[in-house]
Amino acid sequence: MSVPKYWREIPQRYRLEAGKCKKCGYIAFPPRHICPECKSEEFETIRLSDKGKIISYTIIRVPPKNFSFQAPYPVAIIELDGGGRITAQITDASPEEVEIGARVRIVLRKIQEEGKDGIICYGYKAVLEE
Amino acid sequence: MREVAIIGAGITKFGEHWKKSLREIFVESALMAIKDAGVDHIDSMYVGCMSGGLFVAQEHLGAFLADYLGQSSIPAVRVESACASGGSALRMGFIEVASGLSDIVLVGGVEKMTDAEDVTFALATAAEQEYEVFHGITFPGLYALIANAYMKKYGLTREQLAMVAVKNHKHGSLNPYAQFQSEITIETVLNSTLVADPLRLMDCSPVTDGAACVILCPLELAKKYTDTPVKIIGSGMATDTIALHSRKDITSLKAVSLSAERAYKMAGIKPEDIDLAEVHDCFTIAEIIITEELGFVEKGKGGILVEKGETSLGGRIPVNTSGGLKAKGHPVGATGVAQAVEIFYQLQGRADKRQVKNASIGLTQNMGGSGASSVVHIMEVA
Amino acid sequence: MIGICGYGSYLPRFRIKADTIAKQWGMDPESIKKGLLLYEKTVPNLDEDTITIAVESAKNALKRAGINPSEIGSVYVGSESHPYVVKPTGTVVAEALGITPDVHIADFEFACKAGTEAMFVAYSQVKAGVCKYALAIGADTSQGAPGDPLEYSASAGGSAFIFGLDKIVAEVIETYSFSTDTPDFWRREHEFYPKHGGRFTGEQAYFRHIISAGKEIMKRAGLTAKDIDYAVFHMPNGKFPQQAAKSLGFDLKQIEPGWIVPWMGNTYSGSSPTGLSATLDIAKPGQKIMLVSFGSGAGSDAFIFRVTERIEEVRDLAPKVRDMLDGKKIYVDYGTYAKLRGKIIV
């Protein structure tokens with residue numbers, strides 16, 4: 001895991017910091033320099049909501065190397081209240097409990113770590129609303 | 001712009017080539033194409049390869065392969081658009097001939113996946129690293145996200161999805177270059193291991209080594225080399241957001257419809273005019289959606305199209321007579337060029353047991369990542 | 001007035017029953033449960049650790065405090081399972097909450113009292129006028145060696161307290177700390193599991209320090225057990241805090257709201273802090289709460305709080321400890337537990 005690459009995205013990983021286009025309201029997560037909708041280059045920093053709903057999901061059964069012991073785990077595209085979509089794991093839930101349209105809440109969890117001696121990477125995951 | 005023709009093609013058998021290196025399989029297919037065309041020189045070369053660097057630790061493939069082909073000194077460059085690298089290389093070659101800059105251009109595609117230590121990692125570089133891959137999603141996972149949303153929206157069944165794999169294996173069994181030449185049943189698909197719900201092993205294209213090449217020249221010179229040249233009458237390319245979650249509708253592949261629209265416009269034809277197509281079935285769900293985006297059937301009806309047999313050999317619009325990525329194999333960078341080789345053989349009447357009768361206009365559609373790139377070419381008997 | 005202006009806890013959803021562990025090692029579940037008064041404990045998911053628990057607890061504390069996180073001037077996290085040996089827990093927590101960069105951060109450790117230690121120092125920072133608000137967290141994902149009695153209690157969870165000069169829900173009336181060098185429980189560097197002195201950890205360690213600290217703080221505050229409404233003691237098992245209570249003159253009803261160990265287990269640095277959090281969830285304005293922690297090695301931190309009116313306004317703004325104990329629970333078998341706790345050598 002490249003340390004600078006992980007560290008640079010921390011405001012997004014830890015606090016869901018995004019950019020909102022001042023002209024048309026487009027929400028860029030991660031933040032961008034130029035709005036794909038209206039081409040404006042003026043953005044204000046906002047934080048995405050920590051609540052949302054599942055747009056689609058799958059259960060990963062054949063995981064990538066850094067995730068070997070976590071499988072099977074659900075991954076979903078989540079639309080957050082007020083705008084912004086993210087791809088994130090659903091945690092503390094069994095595959096059967098996940099469904100399209102379910103409400104979720106964003107939490108900070110360990111995303112991955114490279115072996116026993118690499119840095120621990122934290123980031124956003126989602127839990128099903130109780 | 002000049003009109004461009006394909007005058008020769010070459011392709012290795014697709015499969016696991018433990019004994020052959022990347023340069024060997026490339027040269028094998030390139031020599032086959034050169035001999036097929038009967039050209040005595042090459043002016044320029046484009047190589048489609050997703051990642052020589054991550055699969056075999058070799059970049060600089062333009063110079064490297066020109067050298068091993070005995071063509072050191074010609075301009076040669078590697079082209080990359082993830083899994084659409086081959087189609088993109090073809091487009092670059094087409095542009096170079098059409099512009100008048102070169103006459104004889106070799107377009108090749110190659111990938112040597114079995115040499116890699118971590119194939120999954122290499123393939124994952126086609127997705128959004130920090131906001132998709134970082135969170136543990138895989139490529140089957142991304143297409144499974146598409147499949148689940150599509151199935152919920154349009155009522156596509158698991159069986160209809162499986163039919164794509166069954167059809168392509170049937171076609172593959174007729175193709176001597178295909179990696180898998182055995183037929184399978186819907187049960188085979190439904191009983192295979194789950195990879196990312198709902199996609200199973202048999203919904204996914206395999207890991208493959210392979211290379212394919214075509215020789216391009218201006219149409220006005222083509223008859224010098226072959227009696228049956230094939231014109232490239234349309235070329236269209238489009239991109240879409242890199243992350244699946246950024247798409248407006250994850251049950252559509254906008255890059256596909258846009259690249260097709262551009263190609264149809266250049267060719268001056270409509271979807272109904274297409275006799276056969278080679279499309280990017282990296283996963284079964286991809287072929288279902290692509291047939292809709294190419295205009296072969298209306299949105300949401302892709303499952304019915306395959307179920308009715310309309311995309312099988314003998315049907316209204318045969319799709320993937322080569323066996324597609326599923327049965328023919330998917331050596332990533334080679335795929336886009338292999339699709340062109342299949343259409344070339346079909347339009348020349350050399351497709352043998354899998355020949356589509358009276359094939360006159362064919363289409364290739366090559367896609368990168370979860371649909372962030374798409375390249376469409378349309379060919380016609382000259 | 002100086003005191004707690006926001007408090008919050010977090011407990012993982014996974015659980016393992018004492019029955020399950022006992023069966024695994026061929027022990028009698030009933031005598032374990034009767035002897036230790038431990039029924040089930042929290043287990044962290046693979047993606048949870050002291051940092052993620054600390055962040056969730058602190059988010060809940062912030063909800064009740066109702067302050068802008070950037071106003072927090074100190075962040076202290078006490079744990080005996082900090083994820084890194086070198087690289088602080090506190091910096092990740094402060095970054096996640098939006099408190100950086102104008103902040104003083106330190107990680108604390110002192111076996112099970114690292115949490116109250118952080119509270120001690122946070123309170124002192126505010127009292128000394130160094131900062132307006134200070135955040136203290138006690139959180140752990142503790143380990144017990146397979147087959148060892150500690151396996152029944154070592155659990156995961158944490159609580160956070162924001163100390164400040166305003167918006168107070170629990171005023172600090174008195175503090176006191178009692179410490180000696182008593183090697184009752186330890187873990188050497190590079191060792192995965194701790195070791196302990198068996199029965200020595202009772203009388204000379206736990207009881208000596210808690211009772212000494214409890215007696216002295218009540219003396220300094222001029223109060224007896226009858227004047228204090230609730231008491232929370234460090235909870236290594238269900239029995240010890242009951243005995244400590246009796247020795248100090250408290251009846252079992254007074255420790256009941258904070259006596260959550262039979263269902264939570266011993267969350268080490270989160271143990272008495274979470275007991276305090278559970279007590280704050282039900283205490284009425286004007287009532288007094290005494291907190292006495294214990295950390296092996298050894299020492300006890302003691303506090304006496306007086307609850308204010310404001311607690312009724314903010315109590316419902318974040319999940320209560322009872323809600324987390326009784327809410328969604330995922331029970332695991334021993335094999336899954338061993339996988340989650342990294343006990344299987346790969």
# chains A, B, ... in the order shown; residues from 1 in each chain; ligands from 1

call {"tool": "residues_around", "arguments": {"residues": "Thr87 (chain A)", "least_positions_apart": "4", "cutoff": "8 Å", "atoms": "only C-alpha atoms", "output": "PyMOL selection string"}}
result
(chain A and resi 75-78) or (chain B and resi 131-132+135+245)

call {"tool": "write_last_selection", "arguments": {"atoms": "N, CA and C atoms", "output": "compact mmCIF listing (two decimals), in the first residue's frame"}}
result
# COMPACT_ATOMS: atom_id res chain seq x y z
N VAL A 75 -20.71 -5.97 -0.98
CA VAL A 75 -20.25 -4.65 -1.41
C VAL A 75 -21.44 -4.01 -2.12
N ALA A 76 -21.64 -2.72 -1.90
CA ALA A 76 -22.80 -2.07 -2.50
C ALA A 76 -22.46 -0.71 -3.06
N ILE A 77 -23.31 -0.26 -4.00
CA ILE A 77 -23.27 1.14 -4.43
C ILE A 77 -24.35 1.81 -3.57
N ILE A 78 -23.94 2.82 -2.82
CA ILE A 78 -24.86 3.48 -1.90
C ILE A 78 -25.07 4.92 -2.33
N TYR B 131 -11.44 4.49 -4.98
CA TYR B 131 -12.84 4.52 -4.55
C TYR B 131 -13.65 3.30 -4.95
N GLU B 132 -13.01 2.36 -5.67
CA GLU B 132 -13.69 1.09 -5.95
C GLU B 132 -12.81 -0.05 -5.43
N HIS B 135 -11.87 -0.64 -1.74
CA HIS B 135 -12.91 -1.15 -0.85
C HIS B 135 -13.18 -2.64 -1.01
N HIS B 245 -20.17 3.67 -9.84
CA HIS B 245 -21.14 4.42 -9.04
C HIS B 245 -21.36 5.83 -9.55

call {"tool": "select_by_dssp", "arguments": {"residues": "region 100-322 of chain C", "states": "strand (DSSP E)", "output": "MDAnalysis selection string"}}
result
chainID C and resid 104:108 133:141 156:164 170:182 185:186 195:196 230:233 288:292 297:307

call {"tool": "interface_residues", "arguments": {"of": "chain C", "to": "chain A", "cutoff": "10 Å", "atoms": "only C-alpha atoms", "output": "number ranges by chain"}}
result
C: 12-14, 44-49, 51-53, 55-56, 83-84, 87, 92-93, 95-98, 327-330, 339-340

call {"tool": "write_last_selection", "arguments": {"atoms": "C-alpha atoms", "output": "PDB file, in the first residue's frame"}}
result
ATOM      1  CA  PRO C  12     -19.522  -4.266  18.615  1.00  0.00           C
ATOM      2  CA  ARG C  13     -22.512  -6.326  17.502  1.00  0.00           C
ATOM      3  CA  PHE C  14     -20.835  -9.749  17.566  1.00  0.00           C
ATOM      4  CA  PRO C  44     -15.034  -7.204  17.478  1.00  0.00           C
ATOM      5  CA  ASN C  45     -15.668  -7.841  13.786  1.00  0.00           C
ATOM      6  CA  LEU C  46     -12.594  -8.370  11.572  1.00  0.00           C
ATOM      7  CA  ASP C  47     -12.775  -4.734  10.498  1.00  0.00           C
ATOM      8  CA  GLU C  48     -13.015  -3.296  14.017  1.00  0.00           C
ATOM      9  CA  ASP C  49     -10.237  -2.302  16.357  1.00  0.00           C
ATOM     10  CA  ILE C  51      -9.438   3.028  16.671  1.00  0.00           C
ATOM     11  CA  THR C  52     -12.796   2.306  15.026  1.00  0.00           C
ATOM     12  CA  ILE C  53     -14.426   1.755  18.435  1.00  0.00           C
ATOM     13  CA  VAL C  55     -14.208   6.937  16.748  1.00  0.00           C
ATOM     14  CA  GLU C  56     -17.774   5.622  17.110  1.00  0.00           C
ATOM     15  CA  PRO C  83      -3.522  -0.996  16.859  1.00  0.00           C
ATOM     16  CA  TYR C  84       0.063   0.215  16.413  1.00  0.00           C
ATOM     17  CA  LYS C  87       1.906   5.403  15.668  1.00  0.00           C
ATOM     18  CA  VAL C  92      -6.660   8.806  13.535  1.00  0.00           C
ATOM     19  CA  VAL C  93      -9.504   9.566  15.938  1.00  0.00           C
ATOM     20  CA  GLU C  95      -8.631  13.284  12.024  1.00  0.00           C
ATOM     21  CA  ALA C  96     -11.814  11.240  11.645  1.00  0.00           C
ATOM     22  CA  LEU C  97     -13.729  13.660  13.865  1.00  0.00           C
ATOM     23  CA  GLY C  98     -12.420  16.815  12.167  1.00  0.00           C
ATOM     24  CA  GLY C 327     -30.041  -4.355  20.113  1.00  0.00           C
ATOM     25  CA  LYS C 328     -28.883  -6.292  17.043  1.00  0.00           C
ATOM     26  CA  LYS C 329     -26.543  -9.074  18.194  1.00  0.00           C
ATOM     27  CA  ILE C 330     -24.704 -11.610  16.040  1.00  0.00           C
ATOM     28  CA  LYS C 339     -10.890 -16.376  13.321  1.00  0.00           C
ATOM     29  CA  LEU C 340     -12.186 -12.945  14.356  1.00  0.00           C
TER      30      LEU C 340
END

call {"tool": "interface_residues", "arguments": {"of": "chain A", "to": "chain B", "cutoff": "6 Å", "atoms": "only C-alpha atoms", "output": "list in words"}}
result
Ser56, Tyr57, Thr58, Ile59, Ile60, Arg61, Val62, Arg85, Thr87 and Ala88 of chain A

call {"tool": "residues_around", "arguments": {"residues": "Phe29 (chain A)", "least_positions_apart": "4", "cutoff": "7 Å", "atoms": "only C-alpha atoms", "output": "PyMOL selection string"}}
result
chain A and resi 18-19+84

call {"tool": "residues_around", "arguments": {"residues": "region 80-82 of chain B", "least_positions_apart": "4", "cutoff": "6 Å", "atoms": "only C-alpha atoms", "output": "PyMOL selection string"}}
result
chain B and resi 50+126+368

call {"tool": "write_last_selection", "arguments": {"atoms": "N, CA and C atoms", "output": "tab-separated table (two decimals), in the first residue's frame"}}
result
chain	number	residue	atom	x	y	z
B	50	MET	N	-3.05	-4.61	-22.49
B	50	MET	CA	-3.48	-3.88	-21.28
B	50	MET	C	-2.32	-3.60	-20.35
B	126	ALA	N	-8.00	-1.53	-14.06
B	126	ALA	CA	-8.93	-0.94	-15.01
B	126	ALA	C	-10.08	-0.21	-14.31
B	368	GLY	N	-13.75	-1.51	-22.21
B	368	GLY	CA	-12.74	-1.49	-21.16
B	368	GLY	C	-13.35	-1.30	-19.79

call {"tool": "residues_around", "arguments": {"residues": "Ala9 (chain B)", "least_positions_apart": "5", "cutoff": "7 Å", "atoms": "only C-alpha atoms", "output": "VMD selection string"}}
result
chain B and resid 32 to 33 36 213 to 215 341

call {"tool": "residues_around", "arguments": {"residues": "Leu54 (chain B)", "least_positions_apart": "5", "cutoff": "10 Å", "atoms": "only C-alpha atoms", "output": "PDB file with C-alpha atoms, in the first residue's frame"}}
result
ATOM      1  CA  GLU B  59       6.665  -2.236 -21.010  1.00  0.00           C
ATOM      2  CA  MET B 113      -1.743 -13.469 -18.414  1.00  0.00           C
ATOM      3  CA  ASP B 115       2.963 -15.369 -16.436  1.00  0.00           C
ATOM      4  CA  ALA B 116       1.574 -12.989 -13.834  1.00  0.00           C
ATOM      5  CA  GLU B 117       1.925 -13.439 -10.078  1.00  0.00           C
ATOM      6  CA  ASP B 118      -1.308 -11.584  -9.338  1.00  0.00           C
ATOM      7  CA  VAL B 119      -3.731 -11.504 -12.277  1.00  0.00           C
ATOM      8  CA  PHE B 121      -4.440  -7.111  -9.130  1.00  0.00           C
ATOM      9  CA  ALA B 122      -3.416  -6.386 -12.731  1.00  0.00           C
ATOM     10  CA  LEU B 123      -6.992  -6.545 -14.012  1.00  0.00           C
ATOM     11  CA  THR B 125      -6.156  -1.461 -12.434  1.00  0.00           C
TER      12      THR B 125
END

call {"tool": "residues_around", "arguments": {"residues": "region 173-187 of chain B", "least_positions_apart": "6", "cutoff": "8 Å", "atoms": "only C-alpha atoms", "output": "CSV table (one decimal) with N, CA and C atoms, in the first residue's frame"}}
result
chain,number,residue,atom,x,y,z
B,11,ILE,N,-4.0,-15.3,-36.0
B,11,ILE,CA,-4.4,-15.5,-34.6
B,11,ILE,C,-3.8,-16.8,-34.1
B,12,THR,N,-3.3,-16.7,-32.8
B,12,THR,CA,-2.8,-18.0,-32.2
B,12,THR,C,-4.0,-18.7,-31.6
B,13,LYS,N,-3.9,-19.9,-31.3
B,13,LYS,CA,-4.9,-20.6,-30.5
B,13,LYS,C,-4.9,-19.9,-29.1
B,14,PHE,N,-6.1,-19.6,-28.6
B,14,PHE,CA,-6.1,-19.0,-27.3
B,14,PHE,C,-6.1,-20.0,-26.2
B,15,GLY,N,-5.4,-19.8,-25.1
B,15,GLY,CA,-5.4,-20.8,-24.0
B,15,GLY,C,-4.3,-20.5,-23.1
B,159,GLU,N,-31.6,-17.9,-15.6
B,159,GLU,CA,-31.4,-18.8,-16.8
B,159,GLU,C,-31.1,-18.1,-18.1
B,162,ALA,N,-27.6,-17.3,-18.1
B,162,ALA,CA,-26.8,-18.5,-18.4
B,162,ALA,C,-26.8,-18.8,-19.9
B,163,MET,N,-27.9,-18.5,-20.6
B,163,MET,CA,-28.0,-18.8,-22.0
B,163,MET,C,-26.9,-18.2,-22.9
B,165,ALA,N,-23.8,-17.8,-22.0
B,165,ALA,CA,-22.6,-18.6,-21.9
B,165,ALA,C,-22.8,-19.9,-22.7
B,166,VAL,N,-24.0,-20.5,-22.6
B,166,VAL,CA,-24.3,-21.7,-23.3
B,166,VAL,C,-24.1,-21.5,-24.9
B,208,THR,N,-6.5,-16.0,-20.0
B,208,THR,CA,-6.0,-16.6,-21.3
B,208,THR,C,-4.8,-15.9,-21.8
B,322,SER,N,-17.4,-16.6,-32.7
B,322,SER,CA,-16.0,-17.1,-32.4
B,322,SER,C,-16.1,-17.8,-31.1
B,323,GLY,N,-17.2,-17.6,-30.3
B,323,GLY,CA,-17.2,-18.2,-29.0
B,323,GLY,C,-17.2,-17.1,-28.0
B,327,ALA,N,-15.9,-18.3,-24.4
B,327,ALA,CA,-15.4,-19.6,-24.8
B,327,ALA,C,-14.1,-19.5,-25.6
B,328,LYS,N,-14.0,-18.4,-26.4
B,328,LYS,CA,-12.8,-18.2,-27.2
B,328,LYS,C,-11.6,-17.9,-26.2
B,329,GLY,N,-11.9,-17.1,-25.1
B,329,GLY,CA,-10.9,-16.7,-24.2
B,329,GLY,C,-10.7,-15.2,-24.3
B,353,LYS,N,-16.9,-24.1,-40.1
B,353,LYS,CA,-18.1,-24.6,-39.5
B,353,LYS,C,-19.0,-23.5,-38.9
B,354,ARG,N,-18.4,-22.4,-38.6
B,354,ARG,CA,-19.2,-21.3,-37.9
B,354,ARG,C,-19.6,-20.2,-38.9

call {"tool": "select_by_dssp", "arguments": {"residues": "region 2-130 of chain A", "states": "helix (DSSP H, G or I)", "output": "list of chain:residue names"}}
result
A:Val3, A:Pro4, A:Lys5, A:Tyr6, A:Trp7, A:Arg8, A:Ile10, A:Pro11, A:Gln12, A:Arg13, A:Tyr14, A:Arg15, A:Lys65, A:Asn66, A:Phe67, A:Ser68, A:Phe69, A:Gln70, A:Pro95, A:Glu96, A:Glu97

call {"tool": "write_last_selection", "arguments": {"atoms": "C-alpha atoms", "output": "PDB file, in the first residue's frame"}}
result
ATOM      1  CA  VAL A   3       1.479   5.464   2.023  1.00  0.00           C
ATOM      2  CA  PRO A   4       1.131   8.830   0.209  1.00  0.00           C
ATOM      3  CA  LYS A   5      -1.710   7.482  -1.956  1.00  0.00           C
ATOM      4  CA  TYR A   6      -3.655   6.290   1.104  1.00  0.00           C
ATOM      5  CA  TRP A   7      -2.906   9.430   3.162  1.00  0.00           C
ATOM      6  CA  ARG A   8      -3.875  11.873   0.422  1.00  0.00           C
ATOM      7  CA  ILE A  10      -7.925  10.665   4.160  1.00  0.00           C
ATOM      8  CA  PRO A  11     -10.388  13.612   4.212  1.00  0.00           C
ATOM      9  CA  GLN A  12     -12.555  11.532   1.880  1.00  0.00           C
ATOM     10  CA  ARG A  13     -11.929   8.200   3.574  1.00  0.00           C
ATOM     11  CA  TYR A  14     -12.522   9.445   7.135  1.00  0.00           C
ATOM     12  CA  ARG A  15     -14.900  12.376   6.739  1.00  0.00           C
ATOM     13  CA  LYS A  65      -5.461 -10.839  -1.885  1.00  0.00           C
ATOM     14  CA  ASN A  66      -5.722  -8.216   0.885  1.00  0.00           C
ATOM     15  CA  PHE A  67      -9.281  -9.317   1.647  1.00  0.00           C
ATOM     16  CA  SER A  68      -8.804 -13.091   1.739  1.00  0.00           C
ATOM     17  CA  PHE A  69     -10.162 -13.755   5.224  1.00  0.00           C
ATOM     18  CA  GLN A  70     -13.109 -11.433   4.930  1.00  0.00           C
ATOM     19  CA  PRO A  95     -25.453 -11.789   2.831  1.00  0.00           C
ATOM     20  CA  GLU A  96     -29.144 -12.676   3.283  1.00  0.00           C
ATOM     21  CA  GLU A  97     -29.895  -9.432   5.109  1.00  0.00           C
TER      22      GLU A  97
END

call {"tool": "atom_distance", "arguments": {"atom1": "CA of Met235 (chain C)", "atom2": "CA of Asp148 (chain C)"}}
result
17.6 Å

call {"tool": "atom_distance", "arguments": {"atom1": "CA of Ser205 (chain B)", "atom2": "CA of Gln339 (chain B)"}}
result
14.7 Å

call {"tool": "closest_atom_pairs", "arguments": {"of": "region 153-240 of chain B", "to": "region 38-46 of chain B", "cutoff": "12 Å", "atoms": "only C-alpha atoms", "output": "CSV"}}
result
residue,atom,partner,partner_atom,distance
B:Ala212,CA,B:Tyr46,CA,11.9
B:Cys213,CA,B:Tyr46,CA,9.8
B:Val214,CA,B:Tyr46,CA,10.3
B:Ile215,CA,B:Val39,CA,8.6
B:Leu216,CA,B:Ile42,CA,9.8
B:Cys217,CA,B:Val39,CA,9.9
B:Leu221,CA,B:Val39,CA,11.1
B:Ala222,CA,B:Val39,CA,10.4
B:Lys223,CA,B:Gly38,CA,11.4
B:Lys224,CA,B:Gly38,CA,9.3
B:Tyr225,CA,B:Gly38,CA,6.1
B:Thr226,CA,B:Gly38,CA,8.2
B:Asp227,CA,B:Gly38,CA,11.8

call {"tool": "write_last_selection", "arguments": {"atoms": "N, CA and C atoms", "output": "mmCIF file, in the first residue's frame"}}
result
data_model
loop_
_atom_site.group_PDB
_atom_site.id
_atom_site.type_symbol
_atom_site.label_atom_id
_atom_site.label_comp_id
_atom_site.auth_asym_id
_atom_site.auth_seq_id
_atom_site.Cartn_x
_atom_site.Cartn_y
_atom_site.Cartn_z
ATOM 1 N N ALA B 212 -3.405 -11.717 -31.613
ATOM 2 C CA ALA B 212 -4.105 -11.643 -32.903
ATOM 3 C C ALA B 212 -3.605 -10.422 -33.642
ATOM 4 N N CYS B 213 -3.523 -10.520 -34.957
ATOM 5 C CA CYS B 213 -3.037 -9.393 -35.763
ATOM 6 C C CYS B 213 -3.841 -9.235 -37.034
ATOM 7 N N VAL B 214 -3.943 -8.001 -37.524
ATOM 8 C CA VAL B 214 -4.514 -7.744 -38.840
ATOM 9 C C VAL B 214 -3.578 -6.786 -39.566
ATOM 10 N N ILE B 215 -3.618 -6.873 -40.900
ATOM 11 C CA ILE B 215 -2.826 -5.943 -41.713
ATOM 12 C C ILE B 215 -3.801 -4.997 -42.378
ATOM 13 N N LEU B 216 -3.542 -3.694 -42.273
ATOM 14 C CA LEU B 216 -4.394 -2.678 -42.895
ATOM 15 C C LEU B 216 -3.660 -2.014 -44.050
ATOM 16 N N CYS B 217 -4.436 -1.650 -45.053
ATOM 17 C CA CYS B 217 -3.848 -0.840 -46.125
ATOM 18 C C CYS B 217 -4.973 -0.026 -46.759
ATOM 19 N N LEU B 221 -5.202 0.064 -52.635
ATOM 20 C CA LEU B 221 -4.067 -0.846 -52.813
ATOM 21 C C LEU B 221 -4.436 -2.303 -52.524
ATOM 22 N N ALA B 222 -5.621 -2.506 -51.875
ATOM 23 C CA ALA B 222 -5.976 -3.808 -51.334
ATOM 24 C C ALA B 222 -5.980 -4.926 -52.380
ATOM 25 N N LYS B 223 -6.530 -4.640 -53.557
ATOM 26 C CA LYS B 223 -6.669 -5.694 -54.567
ATOM 27 C C LYS B 223 -5.319 -6.256 -54.999
ATOM 28 N N LYS B 224 -4.249 -5.494 -54.736
ATOM 29 C CA LYS B 224 -2.897 -5.965 -55.040
ATOM 30 C C LYS B 224 -2.572 -7.196 -54.195
ATOM 31 N N TYR B 225 -3.187 -7.268 -52.993
ATOM 32 C CA TYR B 225 -2.812 -8.303 -52.045
ATOM 33 C C TYR B 225 -3.845 -9.417 -51.904
ATOM 34 N N THR B 226 -5.121 -9.076 -52.073
ATOM 35 C CA THR B 226 -6.137 -10.110 -51.899
ATOM 36 C C THR B 226 -7.360 -9.829 -52.765
ATOM 37 N N ASP B 227 -8.015 -10.911 -53.187
ATOM 38 C CA ASP B 227 -9.248 -10.751 -53.973
ATOM 39 C C ASP B 227 -10.439 -10.434 -53.098
#

call {"tool": "atom_distance", "arguments": {"atom1": "CA of Cys112 (chain C)", "atom2": "CA of Phe185 (chain C)"}}
result
10.2 Å

call {"tool": "decode", "arguments": {"residues": "region 3-37 of chain A", "atoms": "C-alpha atoms", "output": "mmCIF file, in the first residue's frame"}}
result
data_model
loop_
_atom_site.group_PDB
_atom_site.id
_atom_site.type_symbol
_atom_site.label_atom_id
_atom_site.label_comp_id
_atom_site.auth_asym_id
_atom_site.auth_seq_id
_atom_site.Cartn_x
_atom_site.Cartn_y
_atom_site.Cartn_z
ATOM 1 C CA VAL A 3 1.479 5.464 2.023
ATOM 2 C CA PRO A 4 1.131 8.830 0.209
ATOM 3 C CA LYS A 5 -1.710 7.482 -1.956
ATOM 4 C CA TYR A 6 -3.655 6.290 1.104
ATOM 5 C CA TRP A 7 -2.906 9.430 3.162
ATOM 6 C CA ARG A 8 -3.875 11.873 0.422
ATOM 7 C CA GLU A 9 -7.468 10.612 0.331
ATOM 8 C CA ILE A 10 -7.925 10.665 4.160
ATOM 9 C CA PRO A 11 -10.388 13.612 4.212
ATOM 10 C CA GLN A 12 -12.555 11.532 1.880
ATOM 11 C CA ARG A 13 -11.929 8.200 3.574
ATOM 12 C CA TYR A 14 -12.522 9.445 7.135
ATOM 13 C CA ARG A 15 -14.900 12.376 6.739
ATOM 14 C CA LEU A 16 -16.589 11.917 3.323
ATOM 15 C CA GLU A 17 -15.369 15.363 2.255
ATOM 16 C CA ALA A 18 -16.698 16.213 -1.193
ATOM 17 C CA GLY A 19 -16.916 19.180 -3.536
ATOM 18 C CA LYS A 20 -20.203 20.842 -4.475
ATOM 19 C CA CYS A 21 -20.275 22.834 -7.708
ATOM 20 C CA LYS A 22 -21.193 26.397 -6.839
ATOM 21 C CA LYS A 23 -22.914 26.875 -10.166
ATOM 22 C CA CYS A 24 -25.035 23.755 -10.729
ATOM 23 C CA GLY A 25 -24.877 21.881 -7.413
ATOM 24 C CA TYR A 26 -23.174 18.776 -8.848
ATOM 25 C CA ILE A 27 -21.576 16.776 -6.045
ATOM 26 C CA ALA A 28 -18.064 15.496 -6.755
ATOM 27 C CA PHE A 29 -16.776 12.690 -4.577
ATOM 28 C CA PRO A 30 -13.832 12.709 -4.513
ATOM 29 C CA PRO A 31 -13.520 16.478 -5.087
ATOM 30 C CA ARG A 32 -12.622 17.622 -8.606
ATOM 31 C CA HIS A 33 -11.204 20.656 -10.366
ATOM 32 C CA ILE A 34 -13.835 20.893 -13.068
ATOM 33 C CA CYS A 35 -17.533 20.117 -12.995
ATOM 34 C CA PRO A 36 -18.431 17.419 -15.547
ATOM 35 C CA GLU A 37 -21.918 18.888 -15.874
#
